[in-house]
Structures are given as structure tokens and as C-alpha cells.
Amino acid sequence: MFKRQLLLAAMMGAAIYSATLSPDTWAQSRRVKDSAAEVVEQAQPPLFSPRFPGVQLRTYSFTFNQLGIQNPFQLRGVDPIYSIPFSIPADEVVTSLKLKLDFSYSPSLLTQLSHLKIMLNGEVAQTVPLPKEQAGAPMVREVAIDPRLVTDFNRLSLQFIGHYTLDCEDPFHSSLWLNVSNLSSLHFTVTPLSVINDLALLPVPFFDRRDGRRLERPFVFGSNPSTATLEAAGIVASWFGDMASYRGAWFPAHLNKLPTDNVVVFATPNDKPEGVLTLPAISGPTLSVAPHPADERFKVLYVMGRDDAELRTAATALGLGRVGLAGQTVTNASIADLKKRKPYDAPRWLPSDRPVKFGELATLDDLNVRGLTPDLVRLNLTTPPDLFGWRSKGIPFDLKYRYTPRPRQDKSNLNVLVNQNYITSFPLLAYAGSSAPDSSLSQWLTKLAPSEMFPAEESFHLPVNQLRARSQMQFHFSFDYPKEGACRDVVLDNVRAAIDPDSELDISRFPHYLKMPNLSAFANTGFPFTRMADLSETVVVLPDQYTAGDIGTYLTLMGRMGESTGLPVYGVSVTRPGEVERYADKNVLLLGGPTSQPLLRDWAKHMPFSADGSSRMFSLSDWQHKLIPWYEAPTRDGLPVANLSANTLAKDAILFGFESPLKSGRSVVALTSDRTVGQADVLNALMDAAVVAKIQGSVSVVRGKDVDAYETATSYFVGSLPPLMAVRWAFATQSWLSAVVVLVLALLLAGVVYSVLRNQAIRRVSGK
């Protein structure tokens, strides 16, 4: 009874509050009212509430491309529909929403019958007419959408209703089309909400999976954070990076400065920000969330410990054990014994030791499609970049699928593509019926009702070179449209198809072996550092006097590693140049500018890049010209091998790789620039799919979105091959080995012949 009275009072209060609001903020009042009713029923305090009076509204926008629509799309037929998902952060209420639609349509459409219907979550938001005067040319239309239709997770649907004649028409006539650009955009005006101080809400408000924007989360330290503090911060950054996923994550570092935003603070009693805030009590590995001291609209997440070990424990507990966190502060945060990682066991990578089912990579809904012109079934794959597929058939696939049988045999088929490149196709059979030929298959199909889905299974091999480190497999069910004749063609929505989740692919038979340096592997997956998902074989070397810019670069790279592997980097080590010898058995990630990082001078003879004052030297090989002047300049992997010197590169960022001087078989990747802006250019490039494809070879010079890639003649290999394959590979790649073997065999044969002839001569001379 008490709960019911409390619920009634909350609803009345919400109604009175909403009566004082303008129509533009009605969505906010509805969210507050719904939240109040829900949490009162649970006898808990509200998680979100309106922020303070006078708070400024926020505006931002997303293009369809930013929402995941990589290419413009076309709506064909009489009533096709295309849906675009988007979400709204939990601490925001939309007060205004506009769609800026960039599209074009067929000049053959009948204006009085044709239109474009815009729906949000199944509700009609607007109907856009298609006038004859603007047909055939690109046009932009701004459409207002009622914000009351917006929820946390939304689906914007565009349904094209098209007709070209008042007489009998072909539902799939070539004149029935409407193209929509992926540069169309959604524009939001939102009112922020405050969040209660509760660790159980994490990662909100520091990250919200509903928010499609790039994550930018400031990290705050004392004036000179220790390397152990930076290791703890790297763990948290990789946790955020894993959750941010495709959005990308940026972590600007602040020393003794608290920006006005949701921030993460790292502190021990001896290593803490001075004069900007008062730390909560520290009595062990501690996690706490509190209002921002300068602006209560924001929150501060404290990661603390009494010493470096406790600070690292708190960071690891946040990244791995968040399920048990609750309340404003958790002291003595702990974690179970960390699992010892194995090479290539990153949760986001395809396992290298067993077959993988499609059901592990996509949901059941994602594997099902419907309609005569269905969308693609998409399967995102992240593979180890060092798979060695030389002279193999390719990656074996056991593909199982089901589909509605065709009423008669036609040109329907299932096309298999990788990154939009055609691989193979399989025909889709027809329902046999009584007129089918007498065969076991046709008899089986006869027993199958026309409405049932026909199961099929096919095996094929995918060439390894078609599967990049990050790839997307696409399965396209192409159904042929049956022509019944004039005025008899009807579109029936009874066609279904699905890829079976028990379908398998297997990369376990391929060894791991890769020619290095390979900046493409680093840019796409963080390899070779991510070979161990926790980065336990990685050391990051910062300058002796590292700046906030250096720390921010390191943290953003750790976020990138977490995004690649799906695991916090709780095994990473951070050190200064003078202590790098202690980590000789690790791969090295080298950060800092030529004027601040001494290892760029100490290791100059091992590197393809060196710096002297304002000059930048690229020591790429031209030994063939010196030895054989007429020899044509070589290329490797399509990249030029040459000498280059320039004085203008001081304004750019250089990303390069080479074999570690500390131990053969280990790798060094260096990101160097004298400017913070230069470092930011590389980080932006790593989070831009269009730019990251340009980063390759041994050396990449990054200036904004422009990348120049070069290759050195000096290379080495990481990984290993089975003995027999290693011998075959050596003879295939080292032609001089064949000459040596032939020469040795010739000498052995000559020795045998000489010995036989000499013995015969001796016997003949001796009279025997």
C-alpha cells in the first residue's frame, strides 16, 4: 500500500513538473516521469534526474556514414525499406531531432502516388513528397522528427513507395528507384541529465555504449606520475578502448589540472594531483565516484591505492571485475588470480587452435534475412595478421544455410563475398512438386512443403590473402523474381533465408609467420604487441621527461590495443630509456620526439630513420645500384625502396618499425614527432578506416590525412614454420640456396666420379 501511494505521489509530482515545461522539453519530462515510476516500483532512488536550472542545451550530429552505413544505398521496387540504428546516451534527453536527407529519385515516378515515408521505431515521423520538377537530380531535404518518438535504442527507417504507371506495373521495374547518400545526417539537440554517485552504473557516465561519438575521456595525474601509475592508467584506457570499439577513444592527459568534464583521476598518497581536489580516504585498492568539485554536472572517477601495487590492483579490478562494484566507494577492490594468457587468444580474434562456429561471431537475428531483395548477412572477422597461407588451398569453410525453396528453378543463388570481393556462389534450388524429375533429391523436395525452409550445406576454401586482419564476410541471397505475366505480378513477403550458426571456419592449420617490419599489422591490430592479448610481452618506452602529450599518446595507443583484443592490457610495462635493457625479451613501443627520446640516437644504426637537428634522414637501401648500376630500382609489397632526406619533416609524425637491437626476433615500433599535433595526426589516422589502410611498409610519414609509406630492403621474420615447410619456403624465396645446393651436389658427384676413375687407373697401372 505504501509503495502504491509513493508511486502515485511521484507520478503527480512529475505531471506538475511537466506542466511548467515548454513543448520542446516535453520529452525530458516524459523520461523523468517514466524513470520515476520505474525506480519507485523498485523502491530505489532515481538514477538520472534533470540537471541544474539554466543548463545549456547541447547540439551534435551524425552522418549515416558515422552510424555505420559505409556506402550510399538504393531503394528499388514498389515499397522497399532500409533501416539505420542509432542510440541516445543514458544521461541525455532529446528535445529536438532533425533529419537532413541527401537523396535523388527516378524521373519516371508518378508524383501523386510516390513518396518517401520516414519512420522512427515503427512510428511514421514524416512523409516526403517526390515532385516531378526535382526528379533525377540530387536534392537535400530537412525533416523535423517528433523527439517524443526517441528512446535509448532507435531504428530510423526509410520506406520508398514508388509507382510509375496507373496501369498494370512490374513491381521490380528499372524505373522504381531512390538513392540515399550516406552523407545524410541526424541533428540532435539534447538536455543533459545528472547521474547518481554509484559505481554500479559504470561505465556510465564516463562511457555510454548508446553514444555513437568518439570517446574523449581526460585522465588526471600528479605533476610527475610514476611509470607504475602510467601502467595502471594504461589498463583503464584499454578497458575504455575495448568498450568504445568502432567509435575510437582518445585520452588527453592533464597534470595537476582538472578539466570541466567527466574525468578519471589516478593517485597514491605520494603521487597525486596537487591543489585541484581533495582525495577520498585511501585504505587499500580504492575505486570511488564523486561529483566534480568545480561543476556538479560532471563526475570524477578515482582510481587509488596506498602504493603502486594497490593502484594497479584497483585499475585491474575496474577493467576485469566491475560486476561486483556498487555504492559510491569500494575499498580493498580485489581480483582473482589472473589467467595466464596464451599467444593469439585475444577474445576479439578468431581462435587459432580450433574451428569457430558462426554463432560465436554473430547473433541469430544477424544471420537471418527476409524478402526478395534481402540485406546482406554480415560476419565481422579479426584474424591474426601473421597467418601463413603459402601454397595452401585456403581457409576451409563449412557453410550451412537455409532458404525458402523457389517455386520453379531460376537464377537464384547465394553469393559469398569478402570485403565486397566475390569469392564463390551456390544455386538455390526450387520446390520440386509433382513435375520434378525422378531423383532422390527431387523426391525429398517434394515432401518439403513450399512454406518450409530448405537446409543446404556447402564447403569451400577462402584464399588467405583475401582475408585481411580486419575483414567482413558477406552472404548475399539473390532471389530471382518470378514473372507471372501482365497484371499478375505480385510481391509476396514469404521469402526467408538464414546462415546456420553451426557453420564453421578453421584457421588452426595455418602456422604463424610474418615478414617484418609490417606497419599495416600494427595499424590494424596492434601486432606484434597484441600477440599476447594482455601485452605481457610489451614494454612502452617514454622519454625521461615525458610531457602530458606523451602520456596522452601512450594512453590512446593502449585504448587502441584494447579495442583490437577485447581485453585490458594488464600485462604491459612502462619504462624510461635508461632501464630498457631490463626488458630485452619484450617488443618495444617507442614514443617521444627526436629531441626528447635518446634511444632514437642510440639505436640510429639499427633504424630506417634518424634525426639531426631539423633534418630527417630515411636510411632506405639502394645497395643494388651500388653493386650493379644497371639494376632496376626494386619495390617490395608495391612500396618504393629508396633513399630520402628532407628538412620539412619536422612538422610531421613518423611511424616506423625495425628489429630490436636488444634481441633478434623482437620488434620495435616507434612513433616520433616533435609536435603534439604530429602525434595526434597518427592517432587520428589509426582511428580512421580510410587512412589506416595507407599505413604500411617499414616507414610511414603522416601529415594530417596524407600518408607516405616506404619500405626498407632489410627485413626479418617473426614466428616459425614446420621443418619441411621451412625448407620449401627457404628454397622458394632464396634462389641462391638452389645454386649452392646444385654446386654442392656437383662437387660431391665430381668427387665420387674422380674417386672411381682414380681407383680404376691405379688398378690398371698395377696390372690388376
# chains A, B, ... in the order shown; residues from 1 in each chain; ligands from 1
>>> closest_atom_pairs(of="range 695-733 of chain A", to="range 380-393 of chain A", cutoff="10 Å", atoms="only C-alpha atoms", output="Markdown table")
| residue | atom | partner | partner_atom | distance |
| --- | --- | --- | --- | --- |
| A:Val718 | CA | A:Asp386 | CA | 8.5 |
| A:Gly719 | CA | A:Asp386 | CA | 8.0 |
| A:Ser720 | CA | A:Phe388 | CA | 9.7 |
| A:Leu721 | CA | A:Phe388 | CA | 8.6 |
| A:Met725 | CA | A:Trp390 | CA | 9.3 |
| A:Trp729 | CA | A:Trp390 | CA | 8.5 |
>>> residues_around(residues="range 351-362 of chain A", least_positions_apart="5", cutoff="6 Å", atoms="only C-alpha atoms", output="ChimeraX atom specification")
/A:501-508
>>> residues_around(residues="Val495 in chain A", least_positions_apart="4", cutoff="7 Å", atoms="only C-alpha atoms", output="VMD selection string")
chain A and resid 370 to 372 404
>>> closest_residue(among="A:Leu158, A:Ile81, A:Ala430, A:Leu101", to="Arg141 in chain A", atoms="only C-alpha atoms")
A:Leu101
>>> closest_residue(among="A:Gly592, A:Gly559, A:Gly704, A:Pro517", to="Ser245 in chain A", atoms="only C-alpha atoms")
A:Gly559
>>> atom_distance(atom1="CA of Phe510 in chain A", atom2="CA of Val464 in chain A")
9.6 Å
>>> residues_around(residues="Asn421 in chain A", least_positions_apart="2", cutoff="10 Å", atoms="only C-alpha atoms", output="ChimeraX atom specification")
/A:416-419,423-424,466,473-474
>>> residues_around(residues="Asp261 in chain A", least_positions_apart="2", cutoff="10 Å", atoms="only C-alpha atoms", output="ChimeraX atom specification")
/A:206,216-218,258-259,263-264,292,294-300
>>> closest_residue(among="A:Gln545, A:Gln472, A:Thr329, A:Thr530", to="Leu379 in chain A", atoms="only C-alpha atoms")
A:Gln472
>>> select_by_dssp(residues="range 644-737 of chain A", states="strand (DSSP E)", output="PyMOL selection string")
chain A and resi 644-646+653-659+667-672+699-703+706-710+716-719
>>> residues_around(residues="Val265 in chain A", least_positions_apart="4", cutoff="6 Å", atoms="only C-alpha atoms", output="list of chain:residue names")
A:Phe219, A:Val220, A:Tyr302
